[in-house]
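Colleague: Here it is, the structure, as structure tokens.
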Protein chains: 2
Amino acid sequence: MRCKKCPHQAAIKLQRHNIALCKTCFTEFVHTQVARGIKSQQMFAPTDRILVAVSGGKDSLTLWGILLKLGYQTDALYVDLGIGDYSLQSRQKVDYFHETVARALGAKLHIHTLAENEGAGVKELATMMHRPTCSTCGTMKRYHFNRTAIEKDYDVMATGHNLDDEAARLLGNVLHWQTKFLDKQTPTLPASMDGFAKKVKPLYRLTEREMAAYAVINKISYIVEECPMAKGSKMLVYKDVLNRLEAESPGTKQTFYWKFLDKQLKEATSAATITEKDQQRLHPCQTCAQPTSTDICTYCKMMAKAKVTA
Amino acid sequence: MRCKKCPHQAAIKLQRHNIALCKTCFTEFVHTQVARGIKSQQMFAPTDRILVAVSGGKDSLTLWGILLKLGYQTDALYVDLGIGDYSLQSRQKVDYFHETVARALGAKLHIHTLAENEGAGVKELATMMHRPTCSTCGTMKRYHFNRTAIEKDYDVMATGHNLDDEAARLLGNVLHWQTKFLDKQTPTLPASMDGFAKKVKPLYRLTEREMAAYAVINKISYIVEECPMAKGSKMLVYKDVLNRLEAESPGTKQTFYWKFLDKQLKEATSAATITEKDQQRLHPCQTCAQPTSTDICTYCKMMAKAKVTA
């Protein structure tokens, strides 16, 4: 099979676009999709300073690499969750990428270690607080990514969520008609108020399979295993179900998420609306001053409880 | 396992309600759900004349039986599609139910045979018109059910769509964000203009599995096979996917469809809005006077084409 764009041998078939591409043209295709997403969703400008949240997985490391290749000033933050071997290995992947690729391009790597700063790993924190590990992890990561972006004065915070992630999240929100979450499921979220960083998802146009292929073709060494805590998670079930639908009708995930974005745009769930709603609903946490809807934010409540329990 | 409501042996477990019921209490549960749907969705009053669309399958025959048991004046219409043995067998099931159950309760059975009235069965008509069989079948059934209800002066037309049917249809509409169809996906559709019968789906609160159990327990003889034309249909894929999600989280289908209805109600996609939209968009067909958005309705266009081809 020949590449659709040049005379080379094709390396990957993209069913939803009904094309096959060679390694070089596929790499270019991925860069174009990222650039198109950045532009169309007004994610950031060439002079903006970007902070990427990296986990050691294919999506976040690849995103860091692509943004650097596209010429953006992009540093990264890794939150060490302290999940045994999984965290050790993922930390190694992040360090290796930083040393072999990112540092030479002037990029910094920030590390936040839960065991050092919060006094315990995420599993132990979750046990102390009688909460599920995944929700505790979510709170920790959201908190530190946002806080680091704000404190270190980055213009925008980027995460490696791909089309499969966003389609799965959308399916979960739609199955329960979580209107509040649906309103916020856009690839660009504004810095709606003091203390909130602007948040973007430049990989929303690319599937999980495409990101894995990109990482392999471009020799990015990443941690292949899923987080051991994620076993049996709803998100994995939603992804599985969407893969079934995608196999029946290629392009299902893309139509589902992109048409949703078109609809949101028409209904004007715009940055302004999100900003208005956030400003009405949120105010500074009495302990840490980060935005929250209650007196004390979830992170600070957790920390208070952890201290009592520890 | 004991019945939740009486000392008898349980016959069926309802995961989504986390209860088990005996045959008698389950039958009563189904009747209550239907009665609750009729009331909450303002489907019809005790004095209304109802026309049920019957196919010979479990849902439509069961619906006819339940409405008669609940004391409603309910006649039925069977459209004979002429799909070989499948239609012969389904016609037999309908005749048998009419003779053994419905007739004694004063109910009439109307029959419309495509081969006699349209000159050919639905497969042959679809071939003549170069259209998929399922869409031709949909047009034929919608047309004749509506027309018969209007011409024979019924107050409302009822179909046997159950919760699985509605959740699958909703999933299909949501995956493509078919806003126009989403607006109309309520269990009660008003007689929005002259020529349109009011349409209701009294089984929307009951799953496919529950309807099958009801039919078996109450010894309703129905055609078990799916229509041979439906093989590989998208609806079957959506149902399959929803069954997977239901197995993971019992109650998923119910939450998905019912919360959607709550949301529609809040957003006031009410009977009035549907009526307004229909009255702006539709007018009588120049050939048959049934409501249509074009000069000639799809049914009449099909018939004109079939005549030329035959």
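Here, A, B, ... name the chains of the structure tokens in the order displayed, residue numbers run from 1 inside each chain, and ligands are numbered from 1 in the same displayed order.
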Could you list the residues in chain A lying within 6 Å of chain B, using only C-alpha atoms, and format the result as a ChimeraX atom specification?

Modeller: /A:175-176,256

Colleague: Please produce a file of the residues just selected, as a compact mmCIF listing (two decimals), in the first residue's frame, where the atoms kept are N, CA and C atoms.

Modeller:
```txt
# COMPACT_ATOMS: atom_id res chain seq x y z
N LEU A 175 -24.57 10.10 29.11
CA LEU A 175 -25.37 8.99 29.66
C LEU A 175 -26.06 9.41 30.96
N HIS A 176 -25.46 10.37 31.66
CA HIS A 176 -26.08 10.86 32.90
C HIS A 176 -26.60 12.30 32.74
N PHE A 256 -19.00 12.40 17.02
CA PHE A 256 -19.62 12.57 18.34
C PHE A 256 -19.04 13.78 19.06
```

Colleague: Contacts of B:Phe196 at 12 Å or less, counting only C-alpha atoms, minus same-chain residues fewer than 5 places along, as a PyMOL selection string?

Modeller: chain B and resi 142-151+153-157+189-191+275+278-279+282-284+289-292

Colleague: Set the distance at 6 Å and use only C-alpha atoms: which residues neighbour stretch 50-54 of chain A once local chain neighbours fewer than 3 positions away are removed? I'd like the list as a PyMOL selection string.

Modeller: chain A and resi 60+74-78+154+156-159

Colleague: Please give the complete set of residues from stretch 17-241 of chain B that DSSP, run on the backbone, assigns to helix (DSSP H, G or I), formatted as a count of residues only.

Modeller: 122

Colleague: Could you work out how far atom CA of A:Lys141 lies from atom CA of A:Cys297, giving the answer in Å with one decimal?

Modeller: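 Atom-to-atom, atom CA of A:Cys297 to atom CA of A:Lys141, that is 13.9 Å.
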
Colleague: Env of A:Lys23: 12 Å cut, atoms = only C-alpha atoms, seq-sep filter 3 positions within chain, self excluded. Answer as a PyMOL selection string.

Modeller: chain A and resi 2-13+20+26-30+210+213-219

Colleague: Limited to C-alpha atoms, could you put the picked residues into a file as a compact mmCIF listing (two decimals), in the first residue's frame?

Modeller:
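Okay, result.txt is ready:
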```
# COMPACT_ATOMS: atom_id res chain seq x y z
CA ARG A 2 1.38 3.44 -1.03
CA CYS A 3 1.23 6.62 1.01
CA LYS A 4 -1.60 8.89 -0.11
CA LYS A 5 0.74 11.92 -0.25
CA CYS A 6 4.11 10.63 -1.53
CA PRO A 7 5.53 7.56 -3.32
CA HIS A 8 6.70 5.84 -0.10
CA GLN A 9 5.30 2.72 1.50
CA ALA A 10 2.35 3.48 3.81
CA ALA A 11 2.89 2.79 7.52
CA ILE A 12 -0.60 3.43 8.91
CA LYS A 13 -4.16 3.37 7.62
CA ALA A 20 -2.97 5.54 4.34
CA PHE A 26 1.83 10.67 9.14
CA THR A 27 4.12 12.66 11.47
CA GLU A 28 3.33 15.76 9.46
CA PHE A 29 -0.40 14.93 9.55
CA VAL A 30 -0.26 14.78 13.38
CA GLU A 210 -2.88 7.66 16.23
CA ALA A 213 1.51 5.19 16.33
CA TYR A 214 3.12 8.65 16.46
CA ALA A 215 5.08 7.76 19.61
CA VAL A 216 6.34 4.49 18.11
CA ILE A 217 7.24 6.04 14.73
CA ASN A 218 9.04 8.94 16.42
CA LYS A 219 10.78 6.68 18.93
```

Colleague: Might you pull out every residue within 10 Å of B:Glu226, with only C-alpha atoms counted and same-chain residues fewer than 3 positions away left off, and present them as a VMD selection string?

Modeller: chain B and resid 57 86 223 229 to 231

Colleague: Provide the atom CA of A:Met211 to atom CA of A:Lys199 distance in Å, to one decimal place.

Modeller: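 Pair atom CA of A:Met211 / atom CA of A:Lys199 returns 20.2 Å.
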
Colleague: Which value, in Å to one decimal, gives the distance between atom CA of A:Val224 and atom CA of A:Arg169?

Modeller: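 So the two atoms, atom CA of A:Val224 and atom CA of A:Arg169, lie 21.3 Å apart.
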
Colleague: Of the residues A:Ala212, A:Leu203, A:Ala306, A:Leu125, which is the one nearest to A:Gly37, using only C-alpha atoms?

Modeller: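 Closest to A:Gly37 of all the choices is A:Leu203.
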